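So this one's target-v8.cif, mmCIF, C-alpha atoms (C1' of nucleotides):
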data_coords
loop_
_atom_site.label_atom_id
_atom_site.label_comp_id
_atom_site.auth_asym_id
_atom_site.auth_seq_id
_atom_site.Cartn_x
_atom_site.Cartn_y
_atom_site.Cartn_z
CA MET A 1 3.23 7.01 19.90
CA ARG A 2 3.61 3.58 18.36
CA ILE A 3 5.63 3.25 15.16
CA ALA A 4 5.90 -0.02 13.24
CA THR A 5 7.68 -1.30 10.15
CA TRP A 6 6.67 -4.18 7.89
CA ASN A 7 8.08 -5.45 4.61
CA VAL A 8 4.81 -6.71 3.12
CA ASN A 9 6.14 -8.23 -0.14
CA SER A 10 3.37 -6.68 -2.30
CA VAL A 11 0.79 -4.43 -0.64
CA LYS A 12 -1.96 -5.66 -2.98
CA ALA A 13 -1.36 -9.33 -2.17
CA ARG A 14 -1.14 -8.50 1.54
CA LEU A 15 -3.95 -5.93 1.88
CA PRO A 16 -6.33 -8.04 4.04
CA LEU A 17 -3.50 -8.98 6.39
CA VAL A 18 -2.24 -5.42 6.72
CA LEU A 19 -5.77 -4.20 7.49
CA ASP A 20 -6.21 -6.97 10.06
CA TRP A 21 -2.92 -6.10 11.73
CA LEU A 22 -3.66 -2.35 11.79
CA GLY A 23 -6.96 -3.10 13.50
CA ALA A 24 -5.32 -5.32 16.10
CA ALA A 25 -2.06 -3.47 16.78
CA LYS A 26 -3.38 0.07 16.23
CA PRO A 27 -0.03 1.74 15.50
CA ASP A 28 0.05 5.50 14.96
CA VAL A 29 2.46 4.99 12.07
CA LEU A 30 3.15 1.92 9.92
CA VAL A 31 5.88 2.08 7.29
CA LEU A 32 5.75 -0.46 4.47
CA GLN A 33 8.44 -1.80 2.15
CA GLU A 34 8.26 -3.79 -1.08
CA ILE A 35 4.80 -2.52 -1.90
CA LYS A 36 5.58 -3.55 -5.52
CA CYS A 37 3.18 -1.09 -7.14
CA GLN A 38 3.09 2.41 -8.56
CA ASP A 39 1.58 5.32 -6.64
CA ASP A 40 -1.78 5.12 -8.42
CA GLY A 41 -2.10 1.41 -7.66
CA PHE A 42 -1.71 1.82 -3.92
CA PRO A 43 -4.88 0.94 -1.95
CA ALA A 44 -5.06 4.33 -0.22
CA PHE A 45 -8.86 4.29 -0.10
CA GLU A 46 -8.92 1.06 1.93
CA PHE A 47 -6.36 2.40 4.40
CA GLU A 48 -8.24 5.70 4.69
CA ALA A 49 -11.37 3.77 5.64
CA ALA A 50 -9.28 2.16 8.40
CA GLY A 51 -8.21 5.59 9.66
CA TYR A 52 -4.81 5.96 7.98
CA GLN A 53 -3.50 8.51 5.51
CA SER A 54 -1.11 7.18 2.87
CA LEU A 55 2.16 8.64 1.64
CA VAL A 56 3.50 6.56 -1.22
CA PHE A 57 6.74 6.36 -3.19
CA GLY A 58 6.01 3.51 -5.54
CA GLN A 59 7.64 1.67 -8.42
CA LYS A 60 6.32 -0.86 -10.91
CA ALA A 61 6.81 -4.50 -9.80
CA TYR A 62 9.82 -3.93 -7.55
CA ASN A 63 10.69 -2.06 -4.36
CA GLY A 64 8.33 0.75 -3.36
CA VAL A 65 7.83 2.24 0.12
CA ALA A 66 4.93 3.91 1.93
CA ILE A 67 4.06 5.59 5.22
CA LEU A 68 0.62 5.06 6.78
CA ALA A 69 -0.24 7.49 9.56
CA ARG A 70 -3.26 8.51 11.60
CA ALA A 71 -2.03 12.13 11.61
CA PRO A 72 -0.96 14.30 8.65
CA VAL A 73 2.53 13.68 7.22
CA LYS A 74 4.47 16.91 6.60
CA ASP A 75 7.75 18.05 4.99
CA VAL A 76 7.95 15.03 2.69
CA VAL A 77 11.13 13.85 0.93
CA ARG A 78 10.83 11.15 -1.74
CA GLY A 79 13.99 9.23 -2.50
CA LEU A 80 17.41 9.03 -0.87
CA PRO A 81 19.40 12.17 -1.79
CA GLY A 82 22.83 11.87 -3.33
CA ASP A 83 22.27 10.26 -6.75
CA GLU A 84 19.92 11.81 -9.30
CA ALA A 85 20.30 8.75 -11.53
CA ASP A 86 18.98 6.30 -8.91
CA THR A 87 15.48 5.25 -9.99
CA GLN A 88 14.79 2.68 -7.27
CA ALA A 89 12.01 3.60 -4.79
CA ARG A 90 13.60 2.78 -1.45
CA TRP A 91 13.43 5.90 0.77
CA LEU A 92 10.61 8.11 2.02
CA GLU A 93 10.63 10.76 4.77
CA GLY A 94 8.01 12.81 6.53
CA ASP A 95 7.15 14.40 9.89
CA VAL A 96 4.31 12.93 11.93
CA ASN A 97 3.39 14.79 15.12
CA GLY A 98 6.88 16.27 15.31
CA VAL A 99 8.66 12.95 14.80
CA ARG A 100 10.67 12.58 11.59
CA ILE A 101 9.85 9.19 10.10
CA VAL A 102 12.10 7.57 7.49
CA CYS A 103 10.81 4.49 5.70
CA LEU A 104 13.69 2.70 4.01
CA TYR A 105 14.26 -0.43 1.97
CA LEU A 106 17.99 -1.01 1.87
CA PRO A 107 19.29 -2.96 -1.14
CA ASN A 108 19.86 -6.68 -0.65
CA GLY A 109 23.31 -6.61 -2.26
CA ASN A 110 23.60 -10.21 -3.40
CA PRO A 111 25.50 -11.59 -5.12
CA ALA A 112 28.71 -10.23 -3.66
CA PRO A 113 30.90 -9.30 -5.43
CA GLY A 114 28.92 -7.72 -8.24
CA GLU A 115 26.95 -4.65 -9.32
CA LYS A 116 24.27 -5.19 -6.69
CA TRP A 117 26.87 -5.45 -3.95
CA ASP A 118 28.45 -2.19 -5.15
CA TYR A 119 25.01 -0.54 -5.21
CA LYS A 120 24.30 -1.62 -1.64
CA ARG A 121 27.50 -0.11 -0.26
CA THR A 122 27.15 3.11 -2.28
CA TRP A 123 23.53 3.41 -1.15
CA MET A 124 24.59 2.95 2.48
CA ARG A 125 27.17 5.72 2.16
CA ARG A 126 24.42 8.01 0.89
CA MET A 127 22.27 6.89 3.83
CA VAL A 128 25.02 7.85 6.29
CA GLU A 129 25.28 11.27 4.63
CA ARG A 130 21.52 11.85 4.78
CA ALA A 131 21.26 10.59 8.36
CA THR A 132 24.01 13.03 9.39
CA VAL A 133 21.95 15.92 7.98
CA LEU A 134 18.77 14.72 9.71
CA LEU A 135 20.51 14.20 13.08
CA ALA A 136 21.73 17.80 13.02
CA ARG A 137 18.09 18.88 13.37
CA GLU A 138 18.13 17.44 16.90
CA GLN A 139 14.53 16.30 16.65
CA PRO A 140 13.02 12.87 17.32
CA LEU A 141 13.94 10.79 14.28
CA VAL A 142 13.21 7.16 13.49
CA LEU A 143 14.90 5.23 10.68
CA ALA A 144 12.53 2.33 10.16
CA GLY A 145 12.51 -0.40 7.59
CA ASP A 146 14.06 -3.42 5.97
CA PHE A 147 17.81 -2.82 6.31
CA ASN A 148 18.80 -6.14 4.76
CA ILE A 149 21.54 -6.37 7.39
CA CYS A 150 21.97 -8.77 10.29
CA PRO A 151 23.95 -6.55 12.70
CA THR A 152 25.66 -9.45 14.51
CA ASP A 153 25.79 -13.25 14.44
CA ALA A 154 23.15 -13.23 17.21
CA ASP A 155 20.74 -12.03 14.53
CA VAL A 156 21.26 -15.10 12.30
CA TYR A 157 19.98 -18.66 12.76
CA ASP A 158 23.09 -20.22 11.20
CA PRO A 159 25.97 -17.71 11.17
CA PRO A 160 28.61 -19.90 9.44
CA ASN A 161 26.34 -20.45 6.44
CA TRP A 162 25.62 -16.73 6.14
CA GLN A 163 29.02 -15.16 6.70
CA ASN A 164 29.63 -14.44 3.01
CA ASP A 165 26.10 -13.26 2.30
CA ALA A 166 25.59 -9.54 1.63
CA LEU A 167 23.29 -9.40 4.68
CA CYS A 168 26.08 -10.50 7.00
CA ARG A 169 29.36 -9.58 5.35
CA PRO A 170 31.79 -7.52 7.45
CA GLU A 171 31.51 -4.55 5.07
CA SER A 172 27.70 -4.47 5.51
CA ARG A 173 27.97 -4.70 9.27
CA ALA A 174 30.70 -2.05 9.42
CA LEU A 175 28.53 0.39 7.47
CA PHE A 176 25.59 -0.37 9.75
CA ARG A 177 27.77 0.32 12.80
CA GLU A 178 29.06 3.52 11.18
CA LEU A 179 25.44 4.63 10.87
CA CYS A 180 24.63 3.68 14.47
CA HIS A 181 27.72 5.43 15.77
CA LEU A 182 26.41 8.73 14.44
CA GLY A 183 24.12 8.54 17.45
CA PHE A 184 21.35 6.02 16.75
CA THR A 185 19.92 3.41 19.10
CA ASP A 186 18.87 0.03 17.71
CA ALA A 187 15.58 0.01 19.66
CA LEU A 188 14.84 -3.70 19.62
CA ARG A 189 18.36 -4.72 20.61
CA ALA A 190 18.61 -1.98 23.27
CA LEU A 191 15.62 -3.41 25.10
CA ASN A 192 16.59 -7.06 24.47
CA PRO A 193 20.39 -7.10 24.82
CA ALA A 194 20.78 -10.81 25.47
CA ALA A 195 17.89 -12.25 23.46
CA ASP A 196 18.69 -14.71 20.73
CA ARG A 197 16.32 -15.87 17.98
CA LEU A 198 14.91 -12.36 17.86
CA PHE A 199 14.05 -12.67 14.18
CA THR A 200 11.93 -10.56 11.81
CA PHE A 201 12.24 -12.57 8.58
CA TRP A 202 11.83 -16.24 7.70
CA ASP A 203 12.34 -17.42 4.11
CA TYR A 204 9.39 -19.02 2.33
CA GLN A 205 11.67 -21.91 1.37
CA ALA A 206 12.96 -24.97 3.15
CA GLY A 207 10.51 -24.78 6.04
CA ALA A 208 12.32 -21.79 7.50
CA TRP A 209 9.28 -20.56 9.48
CA PRO A 210 8.33 -23.84 11.23
CA LYS A 211 12.02 -24.49 11.96
CA ASP A 212 12.48 -20.89 13.21
CA ASN A 213 15.37 -20.42 10.78
CA GLY A 214 15.12 -16.65 10.77
CA LEU A 215 17.09 -13.45 10.47
CA ARG A 216 16.79 -10.03 12.14
CA ILE A 217 16.97 -7.56 9.28
CA ASP A 218 14.10 -5.15 9.98
CA HIS A 219 15.13 -2.40 12.37
CA LEU A 220 14.06 0.85 14.01
CA LEU A 221 16.99 3.18 14.70
CA LEU A 222 16.28 6.09 17.04
CA SER A 223 17.97 9.48 17.27
CA PRO A 224 18.88 10.57 20.83
CA GLN A 225 15.71 12.67 21.03
CA ALA A 226 13.62 9.64 20.07
CA ALA A 227 15.60 7.18 22.21
CA ASP A 228 14.91 9.34 25.27
CA ARG A 229 11.22 8.56 24.76
CA LEU A 230 11.64 4.82 24.12
CA SER A 231 9.25 2.88 26.37
CA GLY A 232 8.84 -0.39 24.47
CA ALA A 233 9.82 -2.39 21.40
CA GLY A 234 8.92 -5.78 20.01
CA VAL A 235 8.47 -8.18 17.12
CA ASP A 236 4.93 -9.33 16.42
CA LYS A 237 5.46 -12.82 15.02
CA THR A 238 1.74 -13.56 14.68
CA PRO A 239 1.28 -12.31 11.08
CA ARG A 240 4.10 -14.56 9.83
CA GLY A 241 1.94 -17.54 10.74
CA TRP A 242 -1.15 -16.33 8.86
CA GLU A 243 -2.30 -17.70 5.50
CA LYS A 244 -0.74 -15.81 2.57
CA ALA A 245 1.85 -14.29 4.91
CA SER A 246 4.69 -11.99 3.97
CA ASP A 247 8.12 -13.47 4.66
CA HIS A 248 8.71 -10.53 7.07
CA THR A 249 6.74 -9.73 10.22
CA PRO A 250 6.04 -6.34 11.88
CA VAL A 251 8.50 -4.73 14.30
CA TRP A 252 7.38 -1.84 16.50
CA VAL A 253 8.52 0.75 19.01
CA GLU A 254 6.59 2.79 21.56
CA LEU A 255 7.72 6.37 22.16
CA GLY A 256 6.27 7.93 25.32
"C1'" DA B 1 21.65 -27.98 -3.63
"C1'" DT B 2 21.25 -21.20 -3.03
"C1'" DG B 3 16.87 -25.74 -4.94
"C1'" DC B 4 12.57 -26.03 -2.20
"C1'" DC B 5 8.51 -20.57 -2.12
"C1'" DC B 6 6.27 -16.37 -3.51
"C1'" DG B 7 4.71 -12.00 -6.29
"C1'" DG B 8 4.81 -9.41 -10.56
"C1'" DA B 9 4.65 -9.22 -15.42
"C1'" DA B 10 2.37 -11.49 -18.70
"C1'" DC B 11 0.67 -15.75 -20.81
"C1'" DG B 12 5.54 -19.09 -20.62
"C1'" DT B 13 8.66 -18.65 -17.81
"C1'" DC B 14 11.99 -15.49 -15.90
"C1'" DC B 15 13.47 -11.98 -12.39
"C1'" DG B 16 14.12 -10.65 -7.75
"C1'" DG B 17 13.92 -11.64 -3.16
"C1'" DA B 18 17.39 -13.06 1.24
#

Starting from the file, give its structure as structure tokens.
Amino acid sequence: MRIATWNVNSVKARLPLVLDWLGAAKPDVLVLQEIKCQDDGFPAFEFEAAGYQSLVFGQKAYNGVAILARAPVKDVVRGLPGDEADTQARWLEGDVNGVRIVCLYLPNGNPAPGEKWDYKRTWMRRMVERATVLLAREQPLVLAGDFNICPTDADVYDPPNWQNDALCRPESRALFRELCHLGFTDALRALNPAADRLFTFWDYQAGAWPKDNGLRIDHLLLSPQAADRLSGAGVDKTPRGWEKASDHTPVWVELG
DNA sequence: ATGCCCGGAACGTCCGGA
């Protein structure tokens, strides 16, 4: 079972590229972030024609997450529990062939300090709470998405310039480790322990892509029951080089 | 010098992204 994550930076603007990639990579599940549309604007018909069912938690203009799957998605949860007042569409759960899939779009948090920085940390505490509940089910579970966190300096092209950014700050990294220490495996890092320049995002600005000035912020975290089945993981950099590319590229895992 | 780019909303230019 192949599961992939991709922050597409508008699903409408990226539709031809996503369809091309689905046809080439043939994942069983693809989770999308920053779809930037409401549920009724999501191109479900086009994905259905490509063999994928759509589960959408959308929002006008900003955020928005979706799960594309070849098999039915069951036991759906829309939104990260823990704050009824939170209106941002950043969390979507469902079971696919017995594997619990979470598609998440963690807040950026810049500038720090500030309201957005506070929101990021509060959101991450809610994520830790929810992940604890899901881990107790002792089923294969994959937290996949744009975490907006570089776990270590090895995940940053220029660590000194990024040390005060919300993606790299010690508080962000500590919360990410707290999450991992509940029992998750960072799939890409587990299979590539010494690799550097293992990036998933390159800014549109300043020639970041041709200079390979990237960050690793898109992750797939596996519960023990999922990690036991881990047989492969990778970053597919090809779509970042396409015309009209997203600034993120797909990351995938293979569960045997 | 967080500006360069990009998408959405909306129709001029700002917001958000990371």

Restrict the calculation to only C-alpha atoms (C1' of nucleotides), then for each residue of chain A with any atom at most 9 Å from an atom of chain B give the closest atom pair and their distance in Å to one decimal, rows by chain and rising residue number, as CSV.
residue,atom,partner,partner_atom,distance
A:Asn9,CA,B:DG7,C1',7.4
A:Ser10,CA,B:DG7,C1',6.8
A:Ala13,CA,B:DG7,C1',7.8
A:Lys36,CA,B:DG8,C1',7.8
A:Lys60,CA,B:DG8,C1',8.7
A:Ala61,CA,B:DG8,C1',5.4
A:Tyr62,CA,B:DG16,C1',8.0
A:Asn108,CA,B:DA18,C1',7.1
A:Asn110,CA,B:DA18,C1',8.3
A:Asn148,CA,B:DA18,C1',7.9
A:Asp165,CA,B:DA18,C1',8.8
A:Ala166,CA,B:DA18,C1',8.9
A:Leu167,CA,B:DA18,C1',7.7
A:Phe201,CA,B:DA18,C1',9.0
A:Asp203,CA,B:DA18,C1',7.3
A:Tyr204,CA,B:DC5,C1',4.8
A:Gln205,CA,B:DC5,C1',4.9
A:Ala206,CA,B:DC4,C1',5.5
A:Gly207,CA,B:DC4,C1',8.6
A:Ser246,CA,B:DC6,C1',8.8
A:Asp247,CA,B:DC6,C1',8.9

The distance between CA of Asp146 (chain A) and CA of Asp218 (chain A) is 4.4 Å

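If you look at CA of Met1 (chain A) and CA of Phe147 (chain A), they are 22.2 Å away from each other.
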
*For the structure shown, which residues end up in the PyMOL selection byres ((chain A and resi 97-105) around 9)? Put them as JSON, numbers by chain, please?*
{"A": [3, 5, 7, 29, 31, 32, 33, 34, 63, 64, 65, 66, 67, 71, 72, 73, 74, 80, 89, 90, 91, 92, 93, 94, 95, 96, 106, 107, 108, 134, 139, 140, 141, 142, 143, 144, 145, 146, 147, 148, 226]}

Preceding selection exported with C-alpha atoms as a CSV table (one decimal), in the coordinates of the input:
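This went into again_16.csv:
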chain,number,residue,atom,x,y,z
A,3,ILE,CA,5.6,3.2,15.2
A,5,THR,CA,7.7,-1.3,10.2
A,7,ASN,CA,8.1,-5.4,4.6
A,29,VAL,CA,2.5,5.0,12.1
A,31,VAL,CA,5.9,2.1,7.3
A,32,LEU,CA,5.8,-0.5,4.5
A,33,GLN,CA,8.4,-1.8,2.2
A,34,GLU,CA,8.3,-3.8,-1.1
A,63,ASN,CA,10.7,-2.1,-4.4
A,64,GLY,CA,8.3,0.8,-3.4
A,65,VAL,CA,7.8,2.2,0.1
A,66,ALA,CA,4.9,3.9,1.9
A,67,ILE,CA,4.1,5.6,5.2
A,71,ALA,CA,-2.0,12.1,11.6
A,72,PRO,CA,-1.0,14.3,8.6
A,73,VAL,CA,2.5,13.7,7.2
A,74,LYS,CA,4.5,16.9,6.6
A,80,LEU,CA,17.4,9.0,-0.9
A,89,ALA,CA,12.0,3.6,-4.8
A,90,ARG,CA,13.6,2.8,-1.4
A,91,TRP,CA,13.4,5.9,0.8
A,92,LEU,CA,10.6,8.1,2.0
A,93,GLU,CA,10.6,10.8,4.8
A,94,GLY,CA,8.0,12.8,6.5
A,95,ASP,CA,7.2,14.4,9.9
A,96,VAL,CA,4.3,12.9,11.9
A,106,LEU,CA,18.0,-1.0,1.9
A,107,PRO,CA,19.3,-3.0,-1.1
A,108,ASN,CA,19.9,-6.7,-0.6
A,134,LEU,CA,18.8,14.7,9.7
A,139,GLN,CA,14.5,16.3,16.6
A,140,PRO,CA,13.0,12.9,17.3
A,141,LEU,CA,13.9,10.8,14.3
A,142,VAL,CA,13.2,7.2,13.5
A,143,LEU,CA,14.9,5.2,10.7
A,144,ALA,CA,12.5,2.3,10.2
A,145,GLY,CA,12.5,-0.4,7.6
A,146,ASP,CA,14.1,-3.4,6.0
A,147,PHE,CA,17.8,-2.8,6.3
A,148,ASN,CA,18.8,-6.1,4.8
A,226,ALA,CA,13.6,9.6,20.1

Given the PyMOL selection byres ((chain A and resi 181-189) around 6), the residues it picks as a PyMOL selection string: chain A and resi 177-180+190-193+220-223+233

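Between CA of Glu138 (chain A) and CA of Gln225 (chain A) the separation is 6.8 Å.
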
One residue among A:Asp39, A:Ala131, A:Gly256, A:Arg70 is nearest to Gln53 (chain A) when using only C-alpha atoms, and that residue is A:Arg70
